[in-house]
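The file final_5.txt comes next; it holds compact mmCIF, C-alpha atoms and all ligand atoms.
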# COMPACT_ATOMS: atom_id res chain seq x y z
CA MET A 1 55.33 76.95 96.56
CA PRO A 2 58.84 77.21 97.95
CA HIS A 3 61.64 75.31 96.24
CA PRO A 4 61.90 71.77 97.70
CA ILE A 5 65.41 72.56 98.96
CA THR A 6 64.04 75.62 100.76
CA ALA A 7 61.20 73.66 102.34
CA ALA A 8 63.53 70.89 103.54
CA LEU A 9 66.01 73.40 104.89
CA LEU A 10 63.43 75.40 106.83
CA THR A 11 61.95 72.26 108.38
CA TRP A 12 65.38 71.10 109.45
CA TYR A 13 66.29 74.53 110.85
CA SER A 14 63.20 74.81 112.98
CA ALA A 15 64.10 71.48 114.61
CA LYS A 16 67.88 71.73 114.79
CA ALA A 17 68.92 75.38 115.01
CA ARG A 18 71.41 76.17 117.76
CA ASN A 19 69.92 78.35 120.43
CA LEU A 20 71.78 81.65 120.10
CA PRO A 21 70.66 84.84 121.84
CA TRP A 22 70.42 87.05 118.74
CA ARG A 23 68.14 84.51 117.11
CA ASP A 24 65.37 85.42 119.54
CA SER A 25 65.56 89.03 118.51
CA LYS A 26 64.14 91.14 115.72
CA ASN A 27 66.05 94.14 117.01
CA PRO A 28 68.14 95.30 114.00
CA TYR A 29 70.77 96.80 116.29
CA PHE A 30 71.35 93.49 118.12
CA ILE A 31 71.35 91.56 114.86
CA TRP A 32 73.86 93.95 113.36
CA LEU A 33 76.05 93.66 116.48
CA SER A 34 75.99 89.88 116.30
CA GLU A 35 76.86 89.88 112.60
CA VAL A 36 79.81 92.22 113.07
CA ILE A 37 81.10 90.36 116.12
CA LEU A 38 80.84 86.99 114.37
CA GLN A 39 82.84 88.04 111.33
CA GLN A 40 86.13 86.15 111.61
CA THR A 41 85.17 85.00 115.12
CA ARG A 42 83.91 81.65 116.39
CA VAL A 43 80.42 81.61 117.91
CA ASP A 44 81.62 80.44 121.35
CA GLN A 45 84.12 83.30 121.51
CA GLY A 46 81.70 85.87 120.05
CA LEU A 47 78.93 85.09 122.57
CA LYS A 48 80.75 86.71 125.47
CA TYR A 49 81.31 89.90 123.46
CA TYR A 50 77.72 89.94 122.26
CA HIS A 51 76.50 89.87 125.88
CA HIS A 52 79.01 92.51 126.91
CA PHE A 53 78.03 94.87 124.08
CA THR A 54 74.30 94.49 124.49
CA GLU A 55 74.62 95.11 128.23
CA THR A 56 77.10 98.00 128.04
CA TYR A 57 75.51 99.64 124.98
CA PRO A 58 71.87 98.50 125.07
CA THR A 59 70.84 100.84 122.24
CA VAL A 60 72.50 102.33 119.22
CA LEU A 61 72.40 105.70 121.06
CA HIS A 62 74.48 104.29 123.90
CA LEU A 63 77.04 103.02 121.42
CA ALA A 64 77.14 106.32 119.55
CA LYS A 65 77.63 108.29 122.77
CA ALA A 66 80.51 106.14 124.00
CA SER A 67 84.03 107.27 123.16
CA GLU A 68 85.96 105.32 120.57
CA ASP A 69 88.43 104.35 123.29
CA GLU A 70 85.68 102.78 125.37
CA VAL A 71 84.39 100.83 122.39
CA LEU A 72 87.89 99.64 121.53
CA ARG A 73 88.38 98.55 125.12
CA SER A 74 85.14 96.57 124.97
CA TRP A 75 86.40 94.98 121.78
CA GLN A 76 89.75 94.03 123.27
CA GLY A 77 90.68 90.45 122.47
CA LEU A 78 88.48 90.11 119.41
CA GLY A 79 91.06 91.43 116.94
CA TYR A 80 90.43 93.22 113.64
CA TYR A 81 89.87 96.48 115.45
CA SER A 82 88.63 98.23 112.32
CA ARG A 83 85.36 96.36 112.95
CA ALA A 84 84.98 98.14 116.31
CA ARG A 85 85.85 101.53 114.83
CA ASN A 86 83.36 101.02 112.01
CA LEU A 87 80.71 99.87 114.45
CA HIS A 88 81.17 103.01 116.49
CA ALA A 89 81.26 105.29 113.43
CA ALA A 90 78.13 103.64 112.01
CA ALA A 91 76.28 104.14 115.31
CA GLN A 92 77.11 107.86 115.11
CA GLN A 93 76.00 107.85 111.48
CA ILE A 94 72.64 106.39 112.55
CA VAL A 95 72.26 109.20 115.08
CA SER A 96 73.27 111.97 112.68
CA SER A 97 71.54 110.73 109.52
CA HIS A 98 68.65 108.58 110.77
CA HIS A 99 67.61 110.39 113.99
CA GLY A 100 68.95 107.49 116.03
CA GLN A 101 66.58 104.99 114.37
CA PHE A 102 68.16 101.95 112.77
CA PRO A 103 67.61 102.29 108.99
CA THR A 104 64.97 99.97 107.58
CA SER A 105 65.93 99.61 103.91
CA TYR A 106 68.68 97.43 102.46
CA GLU A 107 70.31 100.40 100.72
CA ALA A 108 70.41 102.54 103.85
CA ILE A 109 71.83 99.67 105.92
CA ARG A 110 74.39 98.97 103.21
CA ASN A 111 75.45 102.62 103.38
CA LEU A 112 76.48 102.37 107.02
CA LYS A 113 80.18 102.46 107.66
CA GLY A 114 81.77 99.02 107.45
CA VAL A 115 78.60 97.27 106.25
CA GLY A 116 79.02 95.12 103.13
CA ASP A 117 76.54 93.17 101.00
CA TYR A 118 76.47 90.21 103.33
CA THR A 119 75.81 92.11 106.58
CA ALA A 120 73.25 94.38 104.92
CA ALA A 121 71.36 91.36 103.56
CA ALA A 122 71.54 89.53 106.89
CA VAL A 123 70.21 92.49 108.91
CA ALA A 124 67.60 93.48 106.29
CA SER A 125 66.25 89.94 105.99
CA ILE A 126 66.35 88.93 109.66
CA ALA A 127 65.14 92.21 111.19
CA PHE A 128 62.82 93.47 108.44
CA SER A 129 61.98 90.32 106.41
CA LEU A 130 63.36 91.93 103.26
CA PRO A 131 64.07 89.44 100.45
CA TYR A 132 67.87 89.61 100.19
CA PRO A 133 70.01 86.46 100.19
CA ALA A 134 72.94 86.77 102.59
CA VAL A 135 75.92 85.07 101.04
CA ASP A 136 78.90 84.36 103.25
CA GLY A 137 81.59 81.69 103.09
CA ASN A 138 79.22 79.05 104.47
CA VAL A 139 76.58 79.80 101.87
CA ASN A 140 79.16 79.82 99.08
CA ARG A 141 80.16 76.33 100.08
CA VAL A 142 76.63 74.94 100.41
CA ILE A 143 75.43 76.38 97.09
CA SER A 144 78.63 75.37 95.28
CA ARG A 145 78.11 71.78 96.40
CA LEU A 146 74.35 71.65 95.91
CA PHE A 147 74.66 72.75 92.30
CA CYS A 148 78.26 71.77 91.49
CA VAL A 149 79.13 75.37 90.70
CA ASP A 150 82.27 75.27 88.61
CA GLN A 151 83.37 78.82 89.25
CA ASP A 152 85.34 80.17 92.18
CA PRO A 153 82.73 81.89 94.40
CA LEU A 154 85.12 84.80 94.81
CA SER A 155 85.37 85.40 91.05
CA THR A 156 82.98 87.84 89.40
CA GLN A 157 81.19 85.05 87.54
CA GLY A 158 81.11 82.77 90.56
CA LYS A 159 79.66 85.51 92.76
CA ALA A 160 76.92 86.25 90.23
CA ARG A 161 76.07 82.55 89.86
CA ILE A 162 75.89 81.91 93.60
CA LYS A 163 73.84 85.03 94.16
CA ALA A 164 71.40 83.98 91.41
CA LEU A 165 71.05 80.46 92.85
CA SER A 166 70.59 81.76 96.41
CA SER A 167 67.95 84.21 95.19
CA GLU A 168 66.14 81.34 93.51
CA LEU A 169 66.09 79.37 96.75
CA LEU A 170 65.33 82.32 99.04
CA SER A 171 62.08 82.00 100.93
CA LEU A 172 60.08 85.15 100.26
CA GLU A 173 57.88 84.50 103.28
CA ARG A 174 60.78 83.93 105.69
CA PRO A 175 63.94 85.33 104.12
CA GLY A 176 65.65 85.90 107.45
CA THR A 177 65.05 82.36 108.66
CA PHE A 178 66.15 81.00 105.28
CA ASN A 179 69.42 82.96 105.42
CA GLN A 180 70.12 81.78 108.93
CA ALA A 181 69.27 78.20 107.98
CA MET A 182 71.71 78.28 105.06
CA MET A 183 74.46 79.64 107.29
CA GLU A 184 73.66 77.10 109.98
CA LEU A 185 73.79 74.25 107.49
CA GLY A 186 77.20 75.44 106.28
CA ALA A 187 78.52 75.89 109.82
CA THR A 188 77.30 72.62 111.33
CA VAL A 189 76.69 70.08 108.52
CA CYS A 190 78.13 71.13 105.18
CA LYS A 191 81.51 71.80 106.77
CA PRO A 192 84.60 72.66 104.77
CA ARG A 193 86.14 69.23 105.40
CA ASN A 194 84.26 65.99 105.82
CA PRO A 195 80.72 67.35 105.40
CA LEU A 196 78.13 65.32 107.27
CA CYS A 197 76.18 64.46 104.13
CA ASP A 198 74.40 61.52 105.73
CA GLN A 199 72.75 63.91 108.19
CA CYS A 200 72.10 66.65 105.67
CA PRO A 201 68.46 67.65 105.18
CA VAL A 202 69.00 68.45 101.51
CA ASN A 203 71.27 65.58 100.47
CA MET A 204 68.63 64.19 98.11
CA PHE A 205 68.95 67.39 96.06
CA CYS A 206 72.71 67.74 96.24
CA GLU A 207 74.56 67.23 92.98
CA ALA A 208 78.02 66.99 94.57
CA TYR A 209 76.75 64.36 97.02
CA ARG A 210 75.15 62.36 94.20
CA LEU A 211 78.35 62.47 92.17
CA ARG A 212 80.59 61.92 95.22
CA THR A 213 82.52 65.07 94.43
CA THR A 214 81.88 67.19 97.52
CA GLU A 215 85.59 67.75 98.15
CA ARG A 216 85.89 69.54 94.79
CA TYR A 217 83.59 72.35 95.87
CA PRO A 218 83.78 75.26 96.32
CA VAL A 219 86.15 75.54 93.38
CA LYS A 220 89.24 77.59 94.05
CA LYS A 221 90.80 79.40 91.17
CA ALA A 222 94.46 78.42 90.93
CA LYS A 223 96.36 81.51 91.90
CA ALA A 224 98.81 82.49 89.23
CA ASP A 225 102.00 82.72 91.20
CA SER A 226 103.16 85.85 89.45
CA GLN A 227 104.95 86.88 92.62
CA THR A 228 107.81 84.44 92.25
CA LEU A 229 110.49 85.05 89.63
CA ARG A 230 113.34 82.70 88.77
CA MET A 231 116.38 84.37 87.36
CA LEU A 232 119.76 83.23 86.09
CA TYR A 233 122.43 85.93 85.88
CA ILE A 234 125.38 85.32 83.60
CA ILE A 235 128.66 86.87 84.77
CA PRO A 236 131.06 86.66 81.85
CA GLU A 237 134.72 87.51 82.39
CA ASP A 238 137.18 87.95 79.56
CA SER A 239 140.91 87.47 79.68
CA GLU A 240 141.41 91.12 80.72
CA GLY A 241 138.97 90.96 83.62
CA PHE A 242 136.06 92.73 81.93
CA THR A 243 132.40 91.82 82.14
CA TYR A 244 129.06 92.95 80.70
CA LEU A 245 126.54 95.22 82.43
CA ARG A 246 123.34 96.80 81.23
CA ARG A 247 121.09 99.40 82.77
CA ARG A 248 117.53 98.32 83.46
CA SER A 249 115.31 100.80 81.67
CA GLU A 250 112.03 98.87 81.85
CA LYS A 251 109.50 99.78 84.52
CA GLY A 252 109.25 97.44 87.48
CA ILE A 253 111.87 96.17 89.85
CA TRP A 254 115.29 97.79 89.86
CA GLN A 255 114.55 100.36 87.20
CA GLY A 256 117.69 102.40 86.49
CA LEU A 257 120.07 99.94 88.21
CA TYR A 258 122.77 97.92 86.44
CA GLU A 259 122.78 94.16 86.05
CA PHE A 260 124.56 91.31 84.29
CA PRO A 261 123.03 89.49 81.30
CA LEU A 262 119.87 87.87 82.61
CA ILE A 263 117.88 84.81 81.64
CA HIS A 264 114.36 84.59 83.07
CA LEU A 265 113.44 81.03 83.92
CA PRO A 266 109.86 79.74 84.17
CA TRP A 267 108.07 79.48 87.50
CA PRO A 268 107.17 76.93 88.68
CA PRO A 269 110.21 75.06 87.37
CA PRO A 270 109.30 72.68 84.53
CA GLN A 271 109.78 68.94 84.93
CA SER A 272 112.90 69.06 82.82
CA GLU A 273 114.86 72.21 82.11
CA PRO A 274 117.59 72.56 79.46
CA PRO A 275 121.10 72.44 80.92
CA PRO A 276 122.78 75.84 81.54
CA ALA A 277 125.02 75.55 78.47
CA GLU A 278 121.93 75.18 76.28
CA LEU A 279 120.16 78.10 77.96
CA LEU A 280 123.24 80.22 77.40
CA GLN A 281 123.45 79.22 73.76
CA GLU A 282 119.77 80.01 73.27
CA HIS A 283 119.76 83.43 75.00
CA PHE A 284 123.30 84.74 74.51
CA PRO A 285 124.85 82.86 71.59
CA SER A 286 127.73 85.33 71.39
CA LEU A 287 128.85 84.41 74.91
CA ASP A 288 130.85 81.38 73.99
CA GLY A 289 133.04 80.22 76.84
CA THR A 290 133.60 77.86 79.71
CA ILE A 291 131.19 77.66 82.64
CA LEU A 292 133.25 78.02 85.81
CA ARG A 293 130.58 77.80 88.44
CA ILE A 294 126.85 78.03 89.02
CA SER A 295 125.90 79.37 92.40
CA GLU A 296 123.34 77.96 94.76
CA GLU A 297 119.90 79.56 94.56
CA TYR A 298 119.59 82.83 96.46
CA THR A 299 116.19 83.93 97.71
CA HIS A 300 115.66 87.64 97.61
CA LEU A 301 112.44 89.07 98.98
CA LEU A 302 110.98 92.32 97.73
CA SER A 303 107.82 93.85 99.18
CA HIS A 304 105.53 91.69 97.03
CA ARG A 305 107.86 89.57 94.98
CA LYS A 306 110.07 86.64 95.70
CA LEU A 307 113.14 86.31 93.51
CA LEU A 308 115.00 83.04 93.18
CA ILE A 309 118.37 83.86 91.67
CA ARG A 310 121.38 81.87 90.52
CA PHE A 311 124.62 83.26 89.12
CA LEU A 312 126.58 81.56 86.37
CA GLN A 313 130.23 82.55 86.09
CA LEU A 314 131.58 82.20 82.59
CA LYS A 315 135.15 82.50 81.28
CA VAL A 316 135.25 83.88 77.73
CA GLU A 317 138.15 84.72 75.47
CA THR A 318 136.83 88.12 74.43
CA LEU A 319 133.64 90.12 74.89
CA ASN A 320 132.18 91.25 71.61
CA GLU A 321 130.88 94.78 71.19
CA SER A 322 127.18 94.69 72.04
CA PRO A 323 124.44 97.31 71.63
CA ASP A 324 122.80 95.97 74.79
CA PHE A 325 125.76 95.88 77.17
CA ILE A 326 128.65 98.01 78.28
CA GLN A 327 132.00 96.47 79.12
CA VAL A 328 133.11 97.12 82.65
CA ALA A 329 136.18 95.95 84.56
CA LEU A 330 135.11 93.57 87.30
CA SER A 331 137.22 95.61 89.70
CA ASP A 332 135.09 98.69 88.89
CA LEU A 333 131.71 97.11 89.61
CA ASN A 334 131.44 99.03 92.86
CA GLN A 335 131.13 102.24 90.83
CA PHE A 336 127.78 101.10 89.46
CA ALA A 337 124.43 101.03 91.20
CA LEU A 338 123.67 97.32 91.34
CA PRO A 339 120.65 95.68 92.96
CA ARG A 340 121.24 94.41 96.46
CA ALA A 341 120.62 90.85 95.29
CA ILE A 342 123.66 91.12 93.02
CA THR A 343 125.99 92.93 95.43
CA ARG A 344 125.16 90.31 98.05
CA PHE A 345 126.40 87.58 95.74
CA LEU A 346 129.49 89.56 94.70
CA SER A 347 130.44 90.24 98.30
CA GLU A 348 130.38 86.51 98.99
CA LEU A 349 132.65 85.72 96.08
S1 LIG A 401 74.70 66.68 100.92
FE1 LIG A 401 76.70 67.07 101.76
S2 LIG A 401 77.68 68.39 100.29
FE2 LIG A 401 75.52 68.43 99.82
S3 LIG A 401 74.75 70.21 100.90
FE3 LIG A 401 74.49 68.46 102.25
S4 LIG A 401 76.33 68.38 103.53
FE4 LIG A 401 76.73 69.72 101.79
Kindly present the structure from the file in structure tokens form.
Ligand code: SF4
Amino acid sequence: MPHPITAALLTWYSAKARNLPWRDSKNPYFIWLSEVILQQTRVDQGLKYYHHFTETYPTVLHLAKASEDEVLRSWQGLGYYSRARNLHAAAQQIVSSHHGQFPTSYEAIRNLKGVGDYTAAAVASIAFSLPYPAVDGNVNRVISRLFCVDQDPLSTQGKARIKALSSELLSLERPGTFNQAMMELGATVCKPRNPLCDQCPVNMFCEAYRLRTTERYPVKKAKADSQTLRMLYIIPEDSEGFTYLRRRSEKGIWQGLYEFPLIHLPWPPPQSEPPPAELLQEHFPSLDGTILRISEEYTHLLSHRKLLIRFLQLKVETLNESPDFIQVALSDLNQFALPRAITRFLSEL
């Protein structure tokens, strides 16, 4: 006996499925083409390309024999050109390794260039009725809501959970139809925003619907924003015009360059932050002086970091000897290799 969700879904799909050309086919090559074309592409846009490809390259041999340039031209306008290159390379792989016959096992399909778990499962189940659940973004959403899955579907645990639940629901008699029905439900009813729960064929089994928590699923892991750093540089100046510098020895940004005393501030900024004088006292108690100015916040972009930097200018009577810092005349700063973020500020002074 199929799971009641599976039974309800299959009944709904047979009545409501959109009529799409690849759905009439068991030809693995056409199914594969449709799956690759529809990745990151809307169905209405993909249709035109599907017709063009199946007419221009009616068999995998035709695709393999075409030049890469021709295939790329056919792909023009669809974007993500690596998909076209992979498609072409995989067609040649089918010719060289499978005598031009589309492979019939999940593993062999999965081994084709550019084919991931999802596409392999979709082709294997639809073309060959092999029992593999095809899990894409639509399925992640439907399963997350049906079972209130509390893990991010993209996390290792979330992936395993969703795969286990989809395998439990998978129809062993009609795995291809089941996979298409799940995707169809996600695309047309269980939409990312404002799912049409009232029209959903499985709403009586849906936990998120029962608890009125559909908008919470699928769960998204809060991204730790480790890319943004907040920094406060202290520029002390004694009565003789000297300041402190230190050489950054730690690995990471600006290794080997010189910088002023630095206080790292938390990101995101806390609700209330101690005033600068307190921060100074906490981090550099020996720097006892008068705060002259605190700069505006400078944004400095590195390849994968964003730095938010302020500079605090401090007048001190004397600079004590320090094992961490060297004393440098402010007028000699240009003799030291300083990060661009610092020289930019100095040049504006
Ligand atoms: S009841 Fe709503 S949330 Fe649940 S599966 Fe159906 S459309 Fe999605």
For the contact check between chain A and ligand LIG 401 (chain A), emit one row per residue of chain A within 9 Å, containing the shortest atom pair and the distance in Å rounded to one decimal, counting all atoms listed in the file, chain then rising number order, as a tab-separated table.
residue	atom	partner	partner_atom	distance
A:Arg141	CA	A:LIG401	FE4	7.6
A:Val142	CA	A:LIG401	S3	5.1
A:Ile143	CA	A:LIG401	S3	7.3
A:Ser144	CA	A:LIG401	S3	8.6
A:Arg145	CA	A:LIG401	S2	5.2
A:Leu146	CA	A:LIG401	FE2	5.2
A:Phe147	CA	A:LIG401	FE2	8.7
A:Leu185	CA	A:LIG401	S4	7.5
A:Gly186	CA	A:LIG401	FE4	7.3
A:Thr188	CA	A:LIG401	S4	8.9
A:Val189	CA	A:LIG401	S4	5.3
A:Cys190	CA	A:LIG401	S4	3.7
A:Lys191	CA	A:LIG401	S4	7.0
A:Pro192	CA	A:LIG401	FE4	8.9
A:Asn194	CA	A:LIG401	S4	8.6
A:Pro195	CA	A:LIG401	S4	4.9
A:Leu196	CA	A:LIG401	S4	5.2
A:Cys197	CA	A:LIG401	FE1	3.6
A:Asp198	CA	A:LIG401	S1	7.1
A:Gln199	CA	A:LIG401	S4	7.4
A:Cys200	CA	A:LIG401	FE3	4.5
A:Pro201	CA	A:LIG401	FE3	6.8
A:Val202	CA	A:LIG401	FE3	5.5
A:Asn203	CA	A:LIG401	S1	3.6
A:Met204	CA	A:LIG401	S1	7.1
A:Phe205	CA	A:LIG401	S1	7.6
A:Cys206	CA	A:LIG401	FE2	4.6
A:Glu207	CA	A:LIG401	FE2	7.0
A:Ala208	CA	A:LIG401	S2	5.9
A:Tyr209	CA	A:LIG401	S1	5.0
A:Arg210	CA	A:LIG401	S1	8.0
A:Arg212	CA	A:LIG401	S2	8.7
A:Thr213	CA	A:LIG401	S2	8.3
A:Thr214	CA	A:LIG401	S2	5.2
A:Glu215	CA	A:LIG401	S2	8.2
A:Tyr217	CA	A:LIG401	S2	8.4
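Across A:Val115, A:Met182, A:Ile326, A:Ala127, the tightest approach to Arg83 in chain A is made by A:Val115 when counting only C-alpha atoms.
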Counting only C-alpha atoms, what is within 9 Å of Arg340 in chain A, bar same-chain residues fewer than 4 positions away, as a PDB file with C-alpha atoms, in the frame of the given file?
ATOM      1  CA  HIS A 300     115.660  87.640  97.610  1.00  0.00           C
ATOM      2  CA  ARG A 344     125.160  90.310  98.050  1.00  0.00           C
ATOM      3  CA  PHE A 345     126.400  87.580  95.740  1.00  0.00           C
TER       4      PHE A 345
END
May I have the protein, DNA and RNA residues with any atom at most 7 Å from the point (81.9, 97.7, 111.8), counting all atoms listed in the file, written as an mmCIF file with C-alpha atoms, in the coordinates of the input?
data_model
loop_
_atom_site.group_PDB
_atom_site.id
_atom_site.type_symbol
_atom_site.label_atom_id
_atom_site.label_comp_id
_atom_site.auth_asym_id
_atom_site.auth_seq_id
_atom_site.Cartn_x
_atom_site.Cartn_y
_atom_site.Cartn_z
ATOM 1 C CA VAL A 36 79.810 92.220 113.070
ATOM 2 C CA SER A 82 88.630 98.230 112.320
ATOM 3 C CA ARG A 83 85.360 96.360 112.950
ATOM 4 C CA ALA A 84 84.980 98.140 116.310
ATOM 5 C CA ARG A 85 85.850 101.530 114.830
ATOM 6 C CA ASN A 86 83.360 101.020 112.010
ATOM 7 C CA LEU A 87 80.710 99.870 114.450
ATOM 8 C CA LYS A 113 80.180 102.460 107.660
ATOM 9 C CA GLY A 114 81.770 99.020 107.450
ATOM 10 C CA VAL A 115 78.600 97.270 106.250
#
Atom pair CA of Asn19 in chain A / CA of Ala121 in chain A: separation (Å):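 Taking CA of Asn19 in chain A and CA of Ala121 in chain A, their separation equals 21.4 Å.
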Nearby residues (only C-alpha atoms) at most 9 Å from range 238-243 of chain A, same-chain spacing under 6 positions excluded, as a PyMOL selection string: chain A and resi 260+314-319+326-331
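Comparing A:His264, A:Gln255, A:Gln227, A:Gly158 by their smallest distance to His304 in chain A, the closest is A:Gln227 (using all atoms listed in the file).
With distances restricted to only C-alpha atoms, A:Leu78 is the closest residue to Arg42 in chain A from A:Leu245, A:Ala124, A:Leu165, A:Leu78.
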N, CA and C atoms are what I want for range 15-29 of chain A; can you complete it accordingly and write them as a PDB file, in the frame of the given file?
ATOM      1  N   ALA A  15      63.872  72.551 113.632  1.00  0.00           N
ATOM      2  CA  ALA A  15      64.100  71.480 114.610  1.00  0.00           C
ATOM      3  C   ALA A  15      65.510  71.519 115.195  1.00  0.00           C
ATOM      4  N   LYS A  16      66.483  71.940 114.383  1.00  0.00           N
ATOM      5  CA  LYS A  16      67.880  71.730 114.790  1.00  0.00           C
ATOM      6  C   LYS A  16      68.687  72.980 115.083  1.00  0.00           C
ATOM      7  N   ALA A  17      68.118  74.161 114.860  1.00  0.00           N
ATOM      8  CA  ALA A  17      68.920  75.380 115.010  1.00  0.00           C
ATOM      9  C   ALA A  17      69.528  75.483 116.396  1.00  0.00           C
ATOM     10  N   ARG A  18      70.792  75.932 116.451  1.00  0.00           N
ATOM     11  CA  ARG A  18      71.410  76.170 117.760  1.00  0.00           C
ATOM     12  C   ARG A  18      70.686  77.351 118.407  1.00  0.00           C
ATOM     13  N   ASN A  19      70.617  77.289 119.716  1.00  0.00           N
ATOM     14  CA  ASN A  19      69.920  78.350 120.430  1.00  0.00           C
ATOM     15  C   ASN A  19      70.896  79.491 120.716  1.00  0.00           C
ATOM     16  N   LEU A  20      70.850  80.540 119.923  1.00  0.00           N
ATOM     17  CA  LEU A  20      71.780  81.650 120.100  1.00  0.00           C
ATOM     18  C   LEU A  20      70.985  82.910 120.404  1.00  0.00           C
ATOM     19  N   PRO A  21      71.495  83.744 121.317  1.00  0.00           N
ATOM     20  CA  PRO A  21      70.660  84.840 121.840  1.00  0.00           C
ATOM     21  C   PRO A  21      70.122  85.775 120.770  1.00  0.00           C
ATOM     22  N   TRP A  22      70.903  86.091 119.745  1.00  0.00           N
ATOM     23  CA  TRP A  22      70.420  87.050 118.740  1.00  0.00           C
ATOM     24  C   TRP A  22      69.312  86.460 117.869  1.00  0.00           C
ATOM     25  N   ARG A  23      69.174  85.131 117.937  1.00  0.00           N
ATOM     26  CA  ARG A  23      68.140  84.510 117.110  1.00  0.00           C
ATOM     27  C   ARG A  23      66.748  84.740 117.684  1.00  0.00           C
ATOM     28  N   ASP A  24      66.683  85.143 118.954  1.00  0.00           N
ATOM     29  CA  ASP A  24      65.370  85.420 119.540  1.00  0.00           C
ATOM     30  C   ASP A  24      64.950  86.848 119.257  1.00  0.00           C
ATOM     31  N   SER A  25      65.802  87.596 118.602  1.00  0.00           N
ATOM     32  CA  SER A  25      65.560  89.030 118.510  1.00  0.00           C
ATOM     33  C   SER A  25      65.219  89.473 117.092  1.00  0.00           C
ATOM     34  N   LYS A  26      64.399  90.485 117.015  1.00  0.00           N
ATOM     35  CA  LYS A  26      64.140  91.140 115.720  1.00  0.00           C
ATOM     36  C   LYS A  26      64.737  92.538 115.753  1.00  0.00           C
ATOM     37  N   ASN A  27      65.461  92.820 116.835  1.00  0.00           N
ATOM     38  CA  ASN A  27      66.050  94.140 117.010  1.00  0.00           C
ATOM     39  C   ASN A  27      67.225  94.294 116.020  1.00  0.00           C
ATOM     40  N   PRO A  28      67.093  95.210 115.044  1.00  0.00           N
ATOM     41  CA  PRO A  28      68.140  95.300 114.000  1.00  0.00           C
ATOM     42  C   PRO A  28      69.500  95.643 114.588  1.00  0.00           C
ATOM     43  N   TYR A  29      69.499  96.419 115.675  1.00  0.00           N
ATOM     44  CA  TYR A  29      70.770  96.800 116.290  1.00  0.00           C
ATOM     45  C   TYR A  29      71.479  95.564 116.857  1.00  0.00           C
TER      46      TYR A  29
END
